[in-house]
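Engineer: As input, take work-v5.cif (mmCIF, C-alpha atoms and all ligand atoms):
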```cif
data_protein
loop_
_atom_site.label_atom_id
_atom_site.label_comp_id
_atom_site.auth_asym_id
_atom_site.auth_seq_id
_atom_site.Cartn_x
_atom_site.Cartn_y
_atom_site.Cartn_z
CA MET A 1 116.18 51.75 104.75
CA ARG A 2 113.57 49.59 103.02
CA ILE A 3 109.82 49.54 103.57
CA THR A 4 108.09 46.27 102.76
CA ALA A 5 104.37 45.59 102.87
CA VAL A 6 103.49 41.95 103.65
CA PRO A 7 99.80 40.95 103.31
CA LEU A 8 98.87 38.10 105.68
CA LEU A 9 95.75 35.93 105.59
CA SER A 10 95.23 35.22 109.26
CA HIS A 11 91.64 34.00 108.92
CA PRO A 12 89.80 32.54 105.94
CA ARG A 13 87.37 35.48 105.85
CA ALA A 14 89.47 38.36 107.16
CA ALA A 15 92.56 39.63 105.44
CA LEU A 16 94.95 41.48 107.67
CA LEU A 17 97.49 43.82 106.15
CA CYS A 18 100.60 43.85 108.22
CA VAL A 19 103.17 46.47 107.40
CA CYS A 20 106.66 45.53 108.47
CA VAL A 21 109.37 48.08 108.42
CA LEU A 22 112.69 46.43 107.89
CA ALA A 23 115.73 48.52 108.42
CA CYS A 24 118.95 47.27 106.94
CA GLY A 25 122.13 48.62 108.46
CA ARG A 26 124.06 49.74 105.39
CA GLU A 27 123.96 53.56 104.90
CA GLU A 28 123.85 54.76 101.29
CA PRO A 29 126.36 57.55 100.56
CA ALA A 30 124.48 60.86 100.32
CA ALA A 31 124.13 61.64 96.63
CA ARG A 32 124.41 65.26 95.48
CA VAL A 33 121.33 66.25 93.56
CA ASP A 34 121.53 69.26 91.32
CA VAL A 35 118.00 70.54 90.76
CA VAL A 36 117.94 72.07 87.32
CA PRO A 37 114.59 73.83 86.89
CA ALA A 38 112.83 72.83 83.72
CA PRO A 39 112.57 75.73 81.29
CA ALA A 40 109.40 77.78 81.78
CA ARG A 41 106.90 77.02 79.06
CA PHE A 42 104.03 79.01 80.55
CA SER A 43 103.80 82.56 81.81
CA VAL A 44 102.39 84.47 84.74
CA GLU A 45 99.04 85.90 83.75
CA VAL A 46 97.29 88.73 85.53
CA ARG A 47 93.54 88.19 85.63
CA ALA A 48 91.80 90.80 83.50
CA HIS A 49 89.39 93.07 85.31
CA PRO A 50 86.01 92.92 83.52
CA ASN A 51 84.31 95.85 81.82
CA VAL A 52 86.92 98.55 82.31
CA GLY A 53 86.18 101.59 80.17
CA ARG A 54 82.45 100.92 80.31
CA LEU A 55 79.72 102.11 82.60
CA ASP A 56 77.67 99.07 83.55
CA SER A 57 73.90 99.11 83.59
CA ALA A 58 71.58 96.82 85.49
CA ARG A 59 70.54 95.12 82.23
CA ALA A 60 71.81 91.98 80.53
CA ASP A 61 73.20 92.20 77.00
CA VAL A 62 72.43 89.76 74.17
CA ARG A 63 75.26 87.45 75.20
CA GLY A 64 74.05 87.21 78.79
CA GLY A 65 76.74 89.61 80.09
CA VAL A 66 76.15 93.04 81.57
CA ALA A 67 75.10 95.77 79.17
CA GLY A 68 77.19 98.91 79.43
CA THR A 69 77.97 102.22 77.77
CA ARG A 70 81.49 103.22 76.81
CA CYS A 71 82.72 106.28 78.70
CA ASN A 72 83.40 108.20 75.53
CA THR A 73 79.85 107.71 74.27
CA CYS A 74 79.09 110.56 76.67
CA HIS A 75 82.43 112.10 77.45
CA GLN A 76 83.57 112.81 73.91
CA ALA A 77 80.41 114.65 72.93
CA TRP A 78 78.84 116.18 75.99
CA VAL A 79 81.20 116.95 78.77
CA PRO A 80 84.08 119.13 77.72
CA GLY A 81 85.87 121.39 80.15
CA PRO A 82 88.00 120.71 83.19
CA MET A 83 87.35 117.66 85.27
CA ALA A 84 85.62 117.85 88.62
CA THR A 85 88.00 117.07 91.43
CA HIS A 86 85.52 115.52 93.82
CA THR A 87 82.09 113.89 93.89
CA ASP A 88 80.68 117.05 95.55
CA GLN A 89 81.12 118.83 92.25
CA LEU A 90 79.00 116.33 90.34
CA ASP A 91 75.45 117.50 89.91
CA GLN A 92 74.36 115.73 86.73
CA PHE A 93 75.80 112.26 86.64
CA HIS A 94 77.66 109.58 88.65
CA LYS A 95 76.07 111.28 91.64
CA ASP A 96 75.38 108.09 93.55
CA MET A 97 79.05 107.18 93.33
CA GLU A 98 80.74 106.46 96.62
CA PHE A 99 84.23 107.91 96.89
CA GLN A 100 86.60 107.45 99.82
CA HIS A 101 90.19 107.30 98.72
CA GLY A 102 92.22 109.63 100.91
CA PRO A 103 92.33 113.20 99.64
CA LEU A 104 92.45 112.26 95.95
CA GLY A 105 90.42 114.02 93.26
CA CYS A 106 89.12 112.31 90.12
CA ASN A 107 92.03 113.75 88.16
CA ALA A 108 94.57 111.88 90.30
CA CYS A 109 93.77 108.90 88.11
CA HIS A 110 91.41 109.73 85.23
CA ASP A 111 92.67 111.43 82.13
CA ASP A 112 91.00 114.73 81.32
CA GLY A 113 91.18 114.32 77.55
CA ASN A 114 90.10 110.68 77.29
CA ARG A 115 87.93 109.17 80.00
CA GLU A 116 88.64 105.65 78.78
CA GLN A 117 92.25 106.09 79.85
CA LEU A 118 94.07 106.70 83.09
CA ARG A 119 96.92 109.13 83.66
CA LEU A 120 100.11 108.44 85.58
CA ALA A 121 101.65 111.10 87.83
CA GLY A 122 104.17 111.98 85.11
CA GLY A 123 101.41 112.64 82.58
CA GLU A 124 101.66 109.39 80.61
CA ARG A 125 98.27 108.06 79.49
CA ILE A 126 97.67 104.35 80.02
CA PRO A 127 94.79 102.01 79.17
CA MET A 128 92.40 101.35 82.07
CA ALA A 129 93.37 97.69 82.02
CA ASP A 130 96.90 98.72 83.13
CA ALA A 131 95.58 100.38 86.31
CA MET A 132 98.09 98.42 88.40
CA ARG A 133 100.87 100.72 87.20
CA LEU A 134 98.89 103.64 88.58
CA CYS A 135 98.23 101.97 91.94
CA ALA A 136 101.93 101.09 92.17
CA GLN A 137 102.96 104.75 91.88
CA CYS A 138 101.34 105.60 95.21
CA HIS A 139 101.37 102.21 96.94
CA GLY A 140 104.96 101.11 96.41
CA PRO A 141 105.22 98.82 99.47
CA GLN A 142 102.03 96.91 98.61
CA HIS A 143 103.07 96.62 94.96
CA ARG A 144 106.50 95.36 96.02
CA ASP A 145 104.82 92.77 98.28
CA TYR A 146 102.49 91.85 95.42
CA SER A 147 105.43 91.36 93.03
CA ARG A 148 107.04 89.00 95.54
CA GLY A 149 103.82 87.08 96.08
CA SER A 150 102.89 88.10 99.63
CA HIS A 151 99.98 90.39 98.74
CA GLY A 152 97.16 89.67 96.33
CA GLY A 153 97.14 85.90 96.13
CA MET A 154 97.70 83.59 93.19
CA SER A 155 96.56 80.30 91.76
CA GLY A 156 97.85 77.85 89.18
CA TYR A 157 101.41 76.52 89.13
CA TRP A 158 104.64 77.45 90.92
CA ASP A 159 106.51 75.40 88.34
CA LEU A 160 106.02 77.27 85.09
CA SER A 161 107.17 74.28 83.06
CA ARG A 162 103.89 72.58 84.02
CA GLY A 163 101.28 75.30 83.69
CA PRO A 164 100.54 79.01 83.98
CA ARG A 165 100.36 80.96 87.23
CA VAL A 166 97.40 83.33 87.60
CA ARG A 167 97.64 86.52 89.65
CA ASN A 168 94.77 88.76 90.68
CA HIS A 169 94.61 92.37 89.62
CA CYS A 170 94.50 94.99 92.40
CA LEU A 171 91.04 95.86 91.08
CA ASN A 172 89.77 92.31 91.65
CA CYS A 173 89.90 93.04 95.37
CA HIS A 174 89.96 96.84 95.75
CA ASP A 175 87.35 99.20 94.32
CA PRO A 176 89.48 102.12 93.05
CA HIS A 177 86.99 104.59 94.53
CA VAL A 178 86.49 102.91 97.91
CA PRO A 179 89.61 100.78 98.19
CA ALA A 180 89.56 99.96 101.91
CA TRP A 181 89.02 96.29 102.56
CA ARG A 182 85.49 96.08 103.89
CA GLN A 183 84.76 94.40 107.18
CA VAL A 184 83.71 90.81 106.77
CA LEU A 185 80.91 89.44 108.93
CA PRO A 186 81.84 86.11 110.43
CA ALA A 187 79.49 83.37 109.26
CA PRO A 188 77.33 81.72 111.92
CA PRO A 189 78.76 78.40 113.13
CA PRO A 190 77.47 75.22 111.52
CA ARG A 191 74.57 73.63 113.36
CA ASP A 192 75.73 70.45 115.00
CA ARG A 193 72.75 68.11 114.88
CA PHE A 194 74.32 65.75 117.41
CA LEU A 195 74.82 68.43 120.05
CA THR A 196 71.57 70.33 119.54
CA PRO A 197 68.64 68.03 120.38
CA PRO A 198 65.75 68.36 117.91
CA ALA A 199 62.82 70.40 119.11
CA GLU A 200 59.88 68.55 120.65
CA GLY A 201 57.73 67.05 117.90
CA ALA A 202 60.28 67.78 115.14
CA HIS A 203 60.67 65.07 112.54
CA HIS A 204 62.43 64.52 109.22
CA ASP A 205 60.32 64.89 106.09
C1 LIG A 301 75.67 108.31 80.14
C2 LIG A 301 76.72 109.28 80.02
C3 LIG A 301 78.03 109.00 80.73
C4 LIG A 301 78.77 107.86 80.69
C5 LIG A 301 78.50 106.56 79.96
C6 LIG A 301 79.96 108.12 81.50
N1 LIG A 301 79.90 109.40 82.02
FE1 LIG A 301 81.29 110.23 83.26
N2 LIG A 301 80.17 111.91 83.38
C7 LIG A 301 79.00 112.16 82.66
C8 LIG A 301 78.54 113.50 82.95
C9 LIG A 301 77.29 114.15 82.38
C10 LIG A 301 79.49 114.05 83.87
C11 LIG A 301 79.48 115.42 84.48
C12 LIG A 301 78.77 115.34 85.77
C13 LIG A 301 78.62 116.64 86.48
O1 LIG A 301 79.40 117.56 86.26
O2 LIG A 301 77.70 116.70 87.30
C14 LIG A 301 80.48 113.04 84.13
C15 LIG A 301 81.56 113.17 85.00
C16 LIG A 301 82.61 112.28 85.11
C17 LIG A 301 83.79 112.47 85.92
C18 LIG A 301 84.00 113.62 86.88
C19 LIG A 301 84.78 114.70 86.42
C20 LIG A 301 84.19 115.57 85.33
O3 LIG A 301 83.64 116.63 85.67
O4 LIG A 301 84.34 115.23 84.16
C21 LIG A 301 84.62 111.41 85.71
C22 LIG A 301 86.01 111.17 86.29
C23 LIG A 301 83.93 110.53 84.80
N3 LIG A 301 82.71 111.08 84.45
C24 LIG A 301 84.44 109.33 84.36
C25 LIG A 301 83.73 108.44 83.58
C26 LIG A 301 84.24 107.16 83.17
C27 LIG A 301 85.62 106.64 83.53
C28 LIG A 301 83.27 106.55 82.44
C29 LIG A 301 83.30 105.19 81.80
C30 LIG A 301 83.67 104.08 82.62
C31 LIG A 301 82.14 107.45 82.37
N4 LIG A 301 82.46 108.58 83.07
C32 LIG A 301 80.97 107.19 81.70
C33 LIG A 301 78.37 111.28 81.82
C34 LIG A 301 78.75 109.98 81.56
C1 LIG A 302 92.74 105.98 92.50
C2 LIG A 302 92.40 106.24 91.16
C3 LIG A 302 91.03 106.76 90.85
C4 LIG A 302 90.40 107.90 91.32
C5 LIG A 302 90.95 108.91 92.31
C6 LIG A 302 89.12 107.96 90.68
N1 LIG A 302 88.95 106.88 89.87
FE1 LIG A 302 87.31 106.44 88.76
N2 LIG A 302 88.17 104.69 88.16
C7 LIG A 302 89.47 104.32 88.42
C8 LIG A 302 89.75 103.05 87.77
C9 LIG A 302 91.06 102.27 87.84
C10 LIG A 302 88.58 102.67 87.10
C11 LIG A 302 88.33 101.44 86.22
C12 LIG A 302 88.02 100.22 87.04
C13 LIG A 302 86.60 99.98 87.27
O1 LIG A 302 85.74 100.38 86.50
O2 LIG A 302 86.30 99.32 88.30
C14 LIG A 302 87.60 103.74 87.36
C15 LIG A 302 86.30 103.74 86.89
C16 LIG A 302 85.44 104.83 86.98
C17 LIG A 302 84.10 104.86 86.46
C18 LIG A 302 83.45 103.71 85.74
C19 LIG A 302 82.40 103.01 86.51
C20 LIG A 302 82.73 102.61 87.89
O3 LIG A 302 82.15 103.20 88.82
O4 LIG A 302 83.53 101.72 88.09
C21 LIG A 302 83.58 106.10 86.75
C22 LIG A 302 82.20 106.61 86.40
C23 LIG A 302 84.58 106.82 87.48
N3 LIG A 302 85.69 106.02 87.62
C24 LIG A 302 84.43 108.12 87.94
C25 LIG A 302 85.28 108.72 88.85
C26 LIG A 302 85.01 110.00 89.49
C27 LIG A 302 83.79 110.86 89.24
C28 LIG A 302 86.07 110.24 90.33
C29 LIG A 302 86.26 111.42 91.26
C30 LIG A 302 85.24 111.63 92.22
C31 LIG A 302 86.99 109.11 90.21
N4 LIG A 302 86.48 108.22 89.31
C32 LIG A 302 88.20 108.97 90.89
C33 LIG A 302 90.37 104.98 89.20
C34 LIG A 302 90.10 106.14 89.92
C1 LIG A 303 97.81 109.51 93.56
C2 LIG A 303 98.09 108.56 94.59
C3 LIG A 303 97.23 107.31 94.70
C4 LIG A 303 96.87 106.44 93.69
C5 LIG A 303 97.17 106.55 92.19
C6 LIG A 303 96.19 105.35 94.33
N1 LIG A 303 96.11 105.55 95.68
FE1 LIG A 303 95.29 104.30 97.07
N2 LIG A 303 95.58 105.69 98.52
C7 LIG A 303 96.18 106.92 98.33
C8 LIG A 303 96.05 107.71 99.55
C9 LIG A 303 96.58 109.12 99.76
C10 LIG A 303 95.35 106.88 100.48
C11 LIG A 303 94.92 107.23 101.89
C12 LIG A 303 95.94 106.87 102.86
C13 LIG A 303 95.43 107.12 104.25
O1 LIG A 303 94.30 107.55 104.43
O2 LIG A 303 96.20 106.82 105.15
C14 LIG A 303 95.11 105.62 99.81
C15 LIG A 303 94.50 104.52 100.39
C16 LIG A 303 94.37 103.28 99.78
C17 LIG A 303 93.96 102.05 100.43
C18 LIG A 303 93.71 101.87 101.90
C19 LIG A 303 92.38 102.36 102.31
C20 LIG A 303 92.18 102.28 103.80
O3 LIG A 303 91.48 103.15 104.28
O4 LIG A 303 92.71 101.37 104.45
C21 LIG A 303 93.92 101.07 99.48
C22 LIG A 303 93.54 99.62 99.68
C23 LIG A 303 94.30 101.68 98.23
N3 LIG A 303 94.56 103.02 98.44
C24 LIG A 303 94.35 101.00 97.03
C25 LIG A 303 94.63 101.62 95.81
C26 LIG A 303 94.50 100.97 94.52
C27 LIG A 303 94.04 99.54 94.32
C28 LIG A 303 94.87 101.88 93.57
C29 LIG A 303 94.85 101.72 92.06
C30 LIG A 303 93.52 101.63 91.45
C31 LIG A 303 95.24 103.10 94.26
N4 LIG A 303 95.07 102.89 95.61
C32 LIG A 303 95.72 104.24 93.64
C33 LIG A 303 96.82 107.35 97.19
C34 LIG A 303 96.72 106.75 95.95
C1 LIG A 304 93.36 88.93 96.67
C2 LIG A 304 92.92 90.24 97.01
C3 LIG A 304 93.88 91.40 96.95
C4 LIG A 304 94.59 91.85 95.85
C5 LIG A 304 94.66 91.24 94.47
C6 LIG A 304 95.26 93.05 96.28
N1 LIG A 304 94.97 93.31 97.59
FE1 LIG A 304 95.51 94.95 98.64
N2 LIG A 304 94.64 94.23 100.30
C7 LIG A 304 93.87 93.08 100.36
C8 LIG A 304 93.36 92.90 101.71
C9 LIG A 304 92.49 91.74 102.21
C10 LIG A 304 93.82 94.00 102.46
C11 LIG A 304 93.51 94.34 103.90
C12 LIG A 304 94.49 93.81 104.84
C13 LIG A 304 94.08 94.15 106.24
O1 LIG A 304 93.09 94.86 106.45
O2 LIG A 304 94.78 93.69 107.11
C14 LIG A 304 94.61 94.82 101.55
C15 LIG A 304 95.23 96.02 101.90
C16 LIG A 304 95.79 96.90 100.99
C17 LIG A 304 96.22 98.25 101.30
C18 LIG A 304 96.08 98.95 102.65
C19 LIG A 304 97.33 98.91 103.45
C20 LIG A 304 97.64 97.55 103.95
O3 LIG A 304 98.68 97.00 103.54
O4 LIG A 304 96.85 97.00 104.74
C21 LIG A 304 96.74 98.79 100.15
C22 LIG A 304 97.32 100.19 99.97
C23 LIG A 304 96.61 97.78 99.11
N3 LIG A 304 96.03 96.64 99.67
C24 LIG A 304 97.02 97.95 97.81
C25 LIG A 304 96.98 96.95 96.84
C26 LIG A 304 97.57 97.07 95.52
C27 LIG A 304 98.30 98.30 95.00
C28 LIG A 304 97.31 95.90 94.86
C29 LIG A 304 97.78 95.49 93.47
C30 LIG A 304 99.21 95.54 93.23
C31 LIG A 304 96.56 95.05 95.78
N4 LIG A 304 96.40 95.71 96.96
C32 LIG A 304 96.09 93.78 95.46
C33 LIG A 304 93.61 92.23 99.32
C34 LIG A 304 94.13 92.34 98.04
#
```
Please lay out the structure from this file as structure tokens.
Ligand code: HEC
Ligand code: HEC
Ligand code: HEC
Ligand code: HEC
Structural biologist:
Amino acid sequence: MRITAVPLLSHPRAALLCVCVLACGREEPAARVDVVPAPARFSVEVRAHPNVGRLDSARADVRGGVAGTRCNTCHQAWVPGPMATHTDQLDQFHKDMEFQHGPLGCNACHDDGNREQLRLAGGERIPMADAMRLCAQCHGPQHRDYSRGSHGGMSGYWDLSRGPRVRNHCLNCHDPHVPAWRQVLPAPPPRDRFLTPPAEGAHHD
């Protein structure tokens, strides 16, 4: 099979491109192609979730980011004692926090001794940035789907010899305190200016 493009000048001022497909009868023997994947030179990166371990304020910091206070600025000095298990028990701080995550208490995830860390079910303390390990303990099926690429999305390259692949963190999409995916309002349809006649007297500026 051969595809040939033949440009024809049919008129002095108009060039016509005529594409002729010429099939020649001889069949090429099917060649066996062994696809050897190029060695991976890049890795799969999980997008970092910003500002973990910090309580954000509404103010900007000197670098134009969001100013925040580290958890332990307060929690090391002021708030000893056992951790509250639900927002109802908070009467001094974080009171406006919304919390709807099944029957969990704060201590299902936060570490009592160090509020800048999380605690796995077995007691191991992990940095907040590794929260995915915690989510995976209770949401095995979703984490399995995520590991295989069918939950959570990705961008970048399939072929890791050409560039890195970037995965989202669970926390990029789910608030750990109100994790349910919120309803999305459908956007209004685009206005079709050819179907909707302009109002009487309307004109373009
Ligand atoms: C400005 C001070 C301050 C900062 C910053 C702060 N907290 Fe708190 N936090 C408190 C106080 C005070 C309480 C106790 C509230 C109460 O009992 O009414 C509390 C309560 C909590 C509780 C509930 C359980 C308990 O009784 O201890 C959790 C969990 C918690 N904080 C986590 C965090 C985390 C995580 C951060 C950082 C991302 C953080 N806090 C940052 C002051 C702070
Ligand atoms: C399912 C696990 C989980 C539970 C349960 C949980 N948290 Fe958190 N919390 C996290 C993770 C993960 C982060 C860090 C990510 C972030 O800041 O968005 C966090 C962050 C925070 C912060 C930092 C600021 C913010 O709002 O993001 C505060 C304060 C906090 N938690 C308080 C609480 C309190 C109080 C409770 C109990 C009422 C609680 N958390 C229950 C996982 C949990
Ligand atoms: C200690 C166990 C535990 C941990 C840790 C945990 N979850 Fe959950 N999660 C639950 C339970 C229980 C429910 C409620 C299930 C229900 O109501 O049917 C739930 C519900 C959810 C839902 C569905 C909410 C809805 O109403 O549809 C999402 C999404 C979710 N969790 C995400 C997360 C993420 C992300 C993390 C990590 C930050 C996490 N979970 C950590 C136990 C956990
Ligand atoms: C790119 C965004 C995104 C990321 C990243 C993500 N999820 Fe989800 N997740 C969703 C959406 C959207 C839904 C809601 C699906 C629906 O309502 O049909 C969902 C639903 C869920 C549910 C509710 C049950 C279900 O399957 O509908 C759980 C639990 C959950 N995700 C856990 C996780 C965990 C754990 C991680 C990290 C390993 C994660 N998700 C990462 C977008 C995401």
Engineer: Produce a table with one row for each residue of chain A that has an atom at most 12 Å from any atom of ligand LIG 304 (chain A), each row naming the nearest atom pair and its distance in Å at one decimal; use only C-alpha atoms and all ligand atoms; arrange rows by chain and rising residue number; format as a Markdown table.
Structural biologist:
```
| residue | atom | partner | partner_atom | distance |
| --- | --- | --- | --- | --- |
| A:Val46 | CA | A:LIG304 | C5 | 9.7 |
| A:Arg47 | CA | A:LIG304 | C5 | 9.4 |
| A:Ala48 | CA | A:LIG304 | C5 | 11.3 |
| A:His49 | CA | A:LIG304 | C5 | 10.7 |
| A:His101 | CA | A:LIG304 | C22 | 10.1 |
| A:Gly102 | CA | A:LIG304 | C22 | 10.8 |
| A:Asp130 | CA | A:LIG304 | C30 | 10.8 |
| A:Ala131 | CA | A:LIG304 | C29 | 8.9 |
| A:Met132 | CA | A:LIG304 | C30 | 5.7 |
| A:Arg133 | CA | A:LIG304 | C30 | 8.1 |
| A:Leu134 | CA | A:LIG304 | C27 | 8.4 |
| A:Cys135 | CA | A:LIG304 | C27 | 4.8 |
| A:Ala136 | CA | A:LIG304 | C27 | 5.4 |
| A:Gln137 | CA | A:LIG304 | C27 | 8.5 |
| A:Cys138 | CA | A:LIG304 | C27 | 7.9 |
| A:His139 | CA | A:LIG304 | C27 | 5.3 |
| A:Gly140 | CA | A:LIG304 | C27 | 7.4 |
| A:Pro141 | CA | A:LIG304 | O3 | 7.9 |
| A:Gln142 | CA | A:LIG304 | C24 | 5.2 |
| A:His143 | CA | A:LIG304 | C30 | 4.4 |
| A:Arg144 | CA | A:LIG304 | C30 | 7.8 |
| A:Asp145 | CA | A:LIG304 | C30 | 8.0 |
| A:Tyr146 | CA | A:LIG304 | C30 | 5.4 |
| A:Ser147 | CA | A:LIG304 | C30 | 7.5 |
| A:Arg148 | CA | A:LIG304 | C30 | 10.5 |
| A:Gly149 | CA | A:LIG304 | C30 | 10.0 |
| A:Ser150 | CA | A:LIG304 | C6 | 9.7 |
| A:His151 | CA | A:LIG304 | N1 | 5.9 |
| A:Gly152 | CA | A:LIG304 | C4 | 3.4 |
| A:Gly153 | CA | A:LIG304 | C1 | 4.9 |
| A:Met154 | CA | A:LIG304 | C1 | 7.7 |
| A:Ser155 | CA | A:LIG304 | C1 | 10.4 |
| A:Val166 | CA | A:LIG304 | C5 | 10.8 |
| A:Arg167 | CA | A:LIG304 | C5 | 7.4 |
| A:Asn168 | CA | A:LIG304 | C5 | 4.5 |
| A:His169 | CA | A:LIG304 | C5 | 5.0 |
| A:Cys170 | CA | A:LIG304 | C29 | 3.5 |
| A:Leu171 | CA | A:LIG304 | C5 | 6.8 |
| A:Asn172 | CA | A:LIG304 | C5 | 5.7 |
| A:Cys173 | CA | A:LIG304 | C2 | 4.4 |
| A:His174 | CA | A:LIG304 | N1 | 6.4 |
| A:Asp175 | CA | A:LIG304 | N4 | 10.1 |
| A:Pro176 | CA | A:LIG304 | C27 | 9.8 |
| A:Val178 | CA | A:LIG304 | C21 | 11.3 |
| A:Pro179 | CA | A:LIG304 | C21 | 7.7 |
| A:Ala180 | CA | A:LIG304 | C18 | 6.6 |
| A:Trp181 | CA | A:LIG304 | C11 | 5.1 |
| A:Arg182 | CA | A:LIG304 | O1 | 8.1 |
| A:Gln183 | CA | A:LIG304 | O1 | 8.4 |
| A:Val184 | CA | A:LIG304 | C9 | 9.9 |
```
Engineer: Using only C-alpha atoms and all ligand atoms, which of the listed residues (A:Arg54, A:Arg32, A:Arg125, A:Arg41) sits closest to ligand LIG 302 (chain A)?
Structural biologist: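 Answer, going by the shortest atom-to-atom distance: A:Arg54.
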Engineer: Compile the contact shell of stretch 67-78 of chain A as a PyMOL selection string: residues with an atom at most 9 Å away, counting all atoms listed in the file, same-chain residues fewer than 6 positions apart removed.
Structural biologist: chain A and resi 51+53-61+113-116
Engineer: Which is closer to A:Pro37 than all the others in A:Arg63, A:Lys95, A:Arg162, A:His177, using all atoms listed in the file?
Structural biologist: A:Arg162
Engineer: Between A:Phe42, A:Phe194, A:Phe93, A:Phe99, which is the closest to ligand LIG 303 (chain A) once you count all atoms listed in the file?
Structural biologist: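 Result for the nearest residue to ligand LIG 303 (chain A): A:Phe99.
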Engineer: Just give me the gap between atom C24 of ligand LIG 302 (chain A) and atom CA of A:Gln92 in Å, one decimal is fine.
Structural biologist: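 Answer for the atom C24 of ligand LIG 302 (chain A) to atom CA of A:Gln92 separation: 12.7 Å.
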Engineer: Please identify all polymer residues within 9 Å of A:Thr87, counting all atoms listed in the file, omitting same-chain residues fewer than 4 positions from it, and present them as number ranges by chain.
Structural biologist: A: 91, 94-99, 105-106
Engineer: Output the selection as a short mmCIF file (atom, residue, chain, number, x, y, z; two decimals), keeping the file's coordinate frame - C-alpha atoms for each residue.
Structural biologist:
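Writing the result to part18.cif gives the following:
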```cif
data_model
loop_
_atom_site.label_atom_id
_atom_site.label_comp_id
_atom_site.auth_asym_id
_atom_site.auth_seq_id
_atom_site.Cartn_x
_atom_site.Cartn_y
_atom_site.Cartn_z
CA ASP A 91 75.45 117.50 89.91
CA HIS A 94 77.66 109.58 88.65
CA LYS A 95 76.07 111.28 91.64
CA ASP A 96 75.38 108.09 93.55
CA MET A 97 79.05 107.18 93.33
CA GLU A 98 80.74 106.46 96.62
CA PHE A 99 84.23 107.91 96.89
CA GLY A 105 90.42 114.02 93.26
CA CYS A 106 89.12 112.31 90.12
#
```
Engineer: Have a look at atom C16 of ligand LIG 303 (chain A) and atom CA of A:Ser43 and let me know their distance in Å, one decimal.
Structural biologist: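 We find that atom C16 of ligand LIG 303 (chain A) and atom CA of A:Ser43 lie 29.0 Å from each other.
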Engineer: From the options A:Pro82, A:Gly65, A:Pro164, A:Pro39, which residue's atoms come nearest to ligand LIG 301 (chain A), counting all atoms listed in the file?
Structural biologist: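 The shortest atom-to-atom distance to ligand LIG 301 (chain A) comes from A:Pro82.
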Engineer: Produce the centre coordinates and the three edge lengths, each in Å to one decimal, of the box along x, y and z that contains all listed atoms of ligand LIG 301 (chain A) with 5 Å added on each side, as lines of an AutoDock Vina configuration file.
Structural biologist:
```
center_x = 80.8
center_y = 110.8
center_z = 83.6
size_x = 20.3
size_y = 23.5
size_z = 17.3
```
Engineer: Nearest residue to ligand LIG 303 (chain A) out of A:Pro103, A:Tyr157, A:Pro50, A:Val66, using only C-alpha atoms and all ligand atoms?
Structural biologist: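 Result for the nearest residue to ligand LIG 303 (chain A): A:Pro103.
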